[in-house]
Amino acid sequence: MDDCYSCQHNAAADLPPREAVAVTPHWRVVHSFNSSLPGWLVLVPRQHVDAFDELSSEAMAEMGGLVGDLSRALREVVGCEKTYVMQFSEAPGFSHLHVHLVPRMPDQPADRRGPAVFGYLGDDQEAWVPTAQMDRIALEVRAALARN
């Protein structure tokens, strides 16, 4: 799909760590590019689908284990208390199914908990987690996944 952001990145070679935190037969895990919250991960199916019911049974089963493994890794790497899992895939240009796995930090303000966590996403590039930090987190999450 030429106009699909996720498909374009799925097809790219030599992705930086932040764009390939983990790659499995059915999923590619990335660090969110427009988040000011370190460790905000996104699970992207490697095949173009727009909804959960379009996923294969194998992809669905793999997602469950991946969410658990990544949640454990995020707890270790960024020190979160738990993770939020959300899926909407409604933004223009981002209809390719993608699942947000977001760390809920111990000191997270009350006005950024639950659905309000999306306040960490935005257009202000100055607030985004720097690419070097995203790459470092990606490599640390990979190492945690390998240990566990």
# chains A, B, ... in the order shown; residues from 1 in each chain; ligands from 1

call {"tool": "residues_around", "arguments": {"residues": "A:Gly114", "least_positions_apart": "5", "cutoff": "12 Å", "atoms": "only C-alpha atoms", "output": "number ranges by chain"}}
result
A: 82-86, 102-105, 108-109, 119-120

call {"tool": "select_by_dssp", "arguments": {"residues": "stretch 24-105 of chain A", "states": "strand (DSSP E)", "output": "number ranges by chain"}}
result
A: 27-31, 41-45, 82-86, 99-104

call {"tool": "residues_around", "arguments": {"residues": "stretch 72-77 of chain A", "least_positions_apart": "6", "cutoff": "12 Å", "atoms": "only C-alpha atoms", "output": "JSON, numbers by chain"}}
result
{"A": [21, 22, 31, 38, 39, 40, 41, 65, 66, 83, 84, 101, 102, 103, 104, 105, 106, 134, 136, 137, 138, 139, 140, 141, 142, 143, 144, 145, 146, 147, 148]}

call {"tool": "write_last_selection", "arguments": {"atoms": "C-alpha atoms", "output": "mmCIF file, in the first residue's frame"}}
result
data_model
loop_
_atom_site.group_PDB
_atom_site.id
_atom_site.type_symbol
_atom_site.label_atom_id
_atom_site.label_comp_id
_atom_site.auth_asym_id
_atom_site.auth_seq_id
_atom_site.Cartn_x
_atom_site.Cartn_y
_atom_site.Cartn_z
ATOM 1 C CA VAL A 21 12.108 -2.578 18.817
ATOM 2 C CA ALA A 22 10.969 -6.143 18.163
ATOM 3 C CA HIS A 31 8.647 3.562 19.680
ATOM 4 C CA PRO A 38 9.549 7.702 26.903
ATOM 5 C CA GLY A 39 8.676 4.085 26.227
ATOM 6 C CA TRP A 40 5.387 4.649 24.355
ATOM 7 C CA LEU A 41 5.384 1.613 22.061
ATOM 8 C CA GLY A 65 2.199 -12.885 24.274
ATOM 9 C CA LEU A 66 3.939 -9.857 22.830
ATOM 10 C CA THR A 83 0.897 -0.458 30.813
ATOM 11 C CA TYR A 84 -2.156 0.758 28.956
ATOM 12 C CA LEU A 101 1.266 -0.022 24.556
ATOM 13 C CA VAL A 102 1.847 2.885 26.897
ATOM 14 C CA PRO A 103 3.783 2.913 30.177
ATOM 15 C CA ARG A 104 1.875 4.304 33.159
ATOM 16 C CA MET A 105 4.560 5.869 35.296
ATOM 17 C CA PRO A 106 4.410 6.010 39.114
ATOM 18 C CA MET A 134 14.040 6.289 21.587
ATOM 19 C CA ARG A 136 18.376 3.605 23.592
ATOM 20 C CA ILE A 137 15.006 2.536 25.015
ATOM 21 C CA ALA A 138 14.446 0.255 22.016
ATOM 22 C CA LEU A 139 17.768 -1.491 22.553
ATOM 23 C CA GLU A 140 17.125 -1.843 26.291
ATOM 24 C CA VAL A 141 13.660 -3.296 25.648
ATOM 25 C CA ARG A 142 15.193 -5.768 23.149
ATOM 26 C CA ALA A 143 17.741 -6.838 25.756
ATOM 27 C CA ALA A 144 15.026 -7.244 28.402
ATOM 28 C CA LEU A 145 12.958 -9.345 25.994
ATOM 29 C CA ALA A 146 15.992 -11.562 25.321
ATOM 30 C CA ARG A 147 16.591 -12.066 29.064
ATOM 31 C CA ASN A 148 12.993 -12.986 29.770
#

call {"tool": "closest_residue", "arguments": {"among": "A:Thr24, A:Phe33, A:Gln8, A:Val44", "to": "A:Asp123", "atoms": "only C-alpha atoms"}}
result
A:Phe33

call {"tool": "closest_residue", "arguments": {"among": "A:Leu37, A:Val30, A:Leu70, A:Val99", "to": "A:Phe52", "atoms": "only C-alpha atoms"}}
result
A:Val99

call {"tool": "atom_distance", "arguments": {"atom1": "atom CA of A:Ser71", "atom2": "atom CA of A:Asp135"}}
result
17.6 Å

call {"tool": "closest_residue", "arguments": {"among": "A:Cys80, A:Ala91, A:Ala116, A:Val129", "to": "A:Tyr5", "atoms": "only C-alpha atoms"}}
result
A:Ala91

call {"tool": "decode", "arguments": {"residues": "stretch 11-139 of chain A", "atoms": "C-alpha atoms", "output": "compact mmCIF listing (two decimals), in the first residue's frame"}}
result
# COMPACT_ATOMS: atom_id res chain seq x y z
CA ALA A 11 8.87 -2.64 3.77
CA ALA A 12 11.94 -0.56 4.62
CA ALA A 13 15.33 -2.16 5.11
CA ASP A 14 17.80 -1.24 7.84
CA LEU A 15 15.34 0.42 10.20
CA PRO A 16 16.79 2.18 13.25
CA PRO A 17 16.18 0.50 16.63
CA ARG A 18 13.21 2.79 17.41
CA GLU A 19 11.44 1.49 14.28
CA ALA A 20 12.17 -2.18 15.04
CA VAL A 21 12.11 -2.58 18.82
CA ALA A 22 10.97 -6.14 18.16
CA VAL A 23 10.04 -7.90 14.94
CA THR A 24 8.10 -11.16 14.95
CA PRO A 25 6.47 -13.12 12.15
CA HIS A 26 3.30 -11.01 12.44
CA TRP A 27 4.25 -7.78 14.25
CA ARG A 28 6.77 -4.94 14.25
CA VAL A 29 7.07 -2.95 17.47
CA VAL A 30 8.12 0.68 17.28
CA HIS A 31 8.65 3.56 19.68
CA SER A 32 6.02 6.21 18.99
CA PHE A 33 7.60 8.99 16.93
CA ASN A 34 5.38 11.80 18.26
CA SER A 35 5.27 11.10 21.98
CA SER A 36 6.75 13.05 24.85
CA LEU A 37 6.46 9.95 27.07
CA PRO A 38 9.55 7.70 26.90
CA GLY A 39 8.68 4.08 26.23
CA TRP A 40 5.39 4.65 24.35
CA LEU A 41 5.38 1.61 22.06
CA VAL A 42 3.19 0.78 19.10
CA LEU A 43 2.55 -2.74 17.77
CA VAL A 44 2.09 -2.71 14.00
CA PRO A 45 0.93 -5.76 12.02
CA ARG A 46 3.40 -6.63 9.29
CA GLN A 47 0.50 -7.25 6.91
CA HIS A 48 -1.89 -4.44 6.03
CA VAL A 49 -5.13 -4.78 7.98
CA ASP A 50 -7.56 -2.11 9.14
CA ALA A 51 -9.29 -4.02 11.95
CA PHE A 52 -8.71 -6.83 14.44
CA ASP A 53 -11.09 -9.20 12.66
CA GLU A 54 -8.81 -9.07 9.61
CA LEU A 55 -5.86 -10.52 11.57
CA SER A 56 -5.04 -14.19 11.31
CA SER A 57 -5.53 -16.37 14.38
CA GLU A 58 -1.75 -16.71 14.57
CA ALA A 59 -1.26 -12.94 14.60
CA MET A 60 -3.86 -12.52 17.35
CA ALA A 61 -2.25 -15.23 19.49
CA GLU A 62 1.19 -13.73 18.94
CA MET A 63 -0.07 -10.28 19.94
CA GLY A 64 -1.21 -11.50 23.37
CA GLY A 65 2.20 -12.89 24.27
CA LEU A 66 3.94 -9.86 22.83
CA VAL A 67 1.85 -7.43 24.91
CA GLY A 68 2.74 -9.34 28.08
CA ASP A 69 6.44 -9.64 27.25
CA LEU A 70 6.72 -5.97 26.26
CA SER A 71 4.86 -4.87 29.40
CA ARG A 72 7.38 -6.76 31.55
CA ALA A 73 10.25 -5.24 29.56
CA LEU A 74 8.85 -1.71 29.92
CA ARG A 75 8.47 -2.17 33.68
CA GLU A 76 12.16 -3.09 33.79
CA VAL A 77 13.43 -0.43 31.37
CA VAL A 78 11.35 2.68 32.17
CA GLY A 79 10.06 1.76 35.64
CA CYS A 80 6.35 1.93 34.87
CA GLU A 81 3.74 0.58 37.27
CA LYS A 82 1.67 -0.94 34.47
CA THR A 83 0.90 -0.46 30.81
CA TYR A 84 -2.16 0.76 28.96
CA VAL A 85 -3.24 -1.02 25.77
CA MET A 86 -5.32 0.99 23.27
CA GLN A 87 -6.32 0.73 19.62
CA PHE A 88 -8.22 3.22 17.51
CA SER A 89 -6.43 3.54 14.11
CA GLU A 90 -8.57 6.51 13.10
CA ALA A 91 -6.10 9.34 12.39
CA PRO A 92 -5.83 10.35 8.72
CA GLY A 93 -3.06 8.30 7.10
CA PHE A 94 -2.95 5.84 10.00
CA SER A 95 -5.88 3.48 9.37
CA HIS A 96 -3.48 0.50 9.33
CA LEU A 97 -4.29 -1.30 12.58
CA HIS A 98 -1.85 -0.37 15.32
CA VAL A 99 -1.96 -1.03 19.04
CA HIS A 100 -0.57 1.46 21.56
CA LEU A 101 1.27 -0.02 24.56
CA VAL A 102 1.85 2.89 26.90
CA PRO A 103 3.78 2.91 30.18
CA ARG A 104 1.88 4.30 33.16
CA MET A 105 4.56 5.87 35.30
CA PRO A 106 4.41 6.01 39.11
CA ASP A 107 4.54 9.82 39.09
CA GLN A 108 2.20 10.30 36.14
CA PRO A 109 -0.07 13.28 36.82
CA ALA A 110 -3.76 12.53 37.33
CA ASP A 111 -4.61 14.63 34.26
CA ARG A 112 -2.54 12.27 32.08
CA ARG A 113 -3.97 8.96 33.31
CA GLY A 114 -6.41 6.71 31.52
CA PRO A 115 -7.56 8.05 28.12
CA ALA A 116 -5.95 11.42 28.96
CA VAL A 117 -2.58 9.74 28.36
CA PHE A 118 -3.02 10.80 24.73
CA GLY A 119 -2.01 14.26 25.95
CA TYR A 120 1.55 12.97 25.58
CA LEU A 121 1.09 12.73 21.80
CA GLY A 122 1.20 15.90 19.80
CA ASP A 123 2.44 18.12 17.05
CA ASP A 124 5.05 19.93 19.17
CA GLN A 125 8.23 18.28 17.93
CA GLU A 126 10.27 20.04 20.62
CA ALA A 127 8.42 17.96 23.24
CA TRP A 128 8.93 14.60 21.51
CA VAL A 129 11.31 12.04 22.98
CA PRO A 130 14.61 12.57 21.13
CA THR A 131 15.51 9.90 18.57
CA ALA A 132 18.68 8.95 20.45
CA GLN A 133 16.63 8.28 23.59
CA MET A 134 14.04 6.29 21.59
CA ASP A 135 16.85 4.16 20.13
CA ARG A 136 18.38 3.61 23.59
CA ILE A 137 15.01 2.54 25.02
CA ALA A 138 14.45 0.26 22.02
CA LEU A 139 17.77 -1.49 22.55
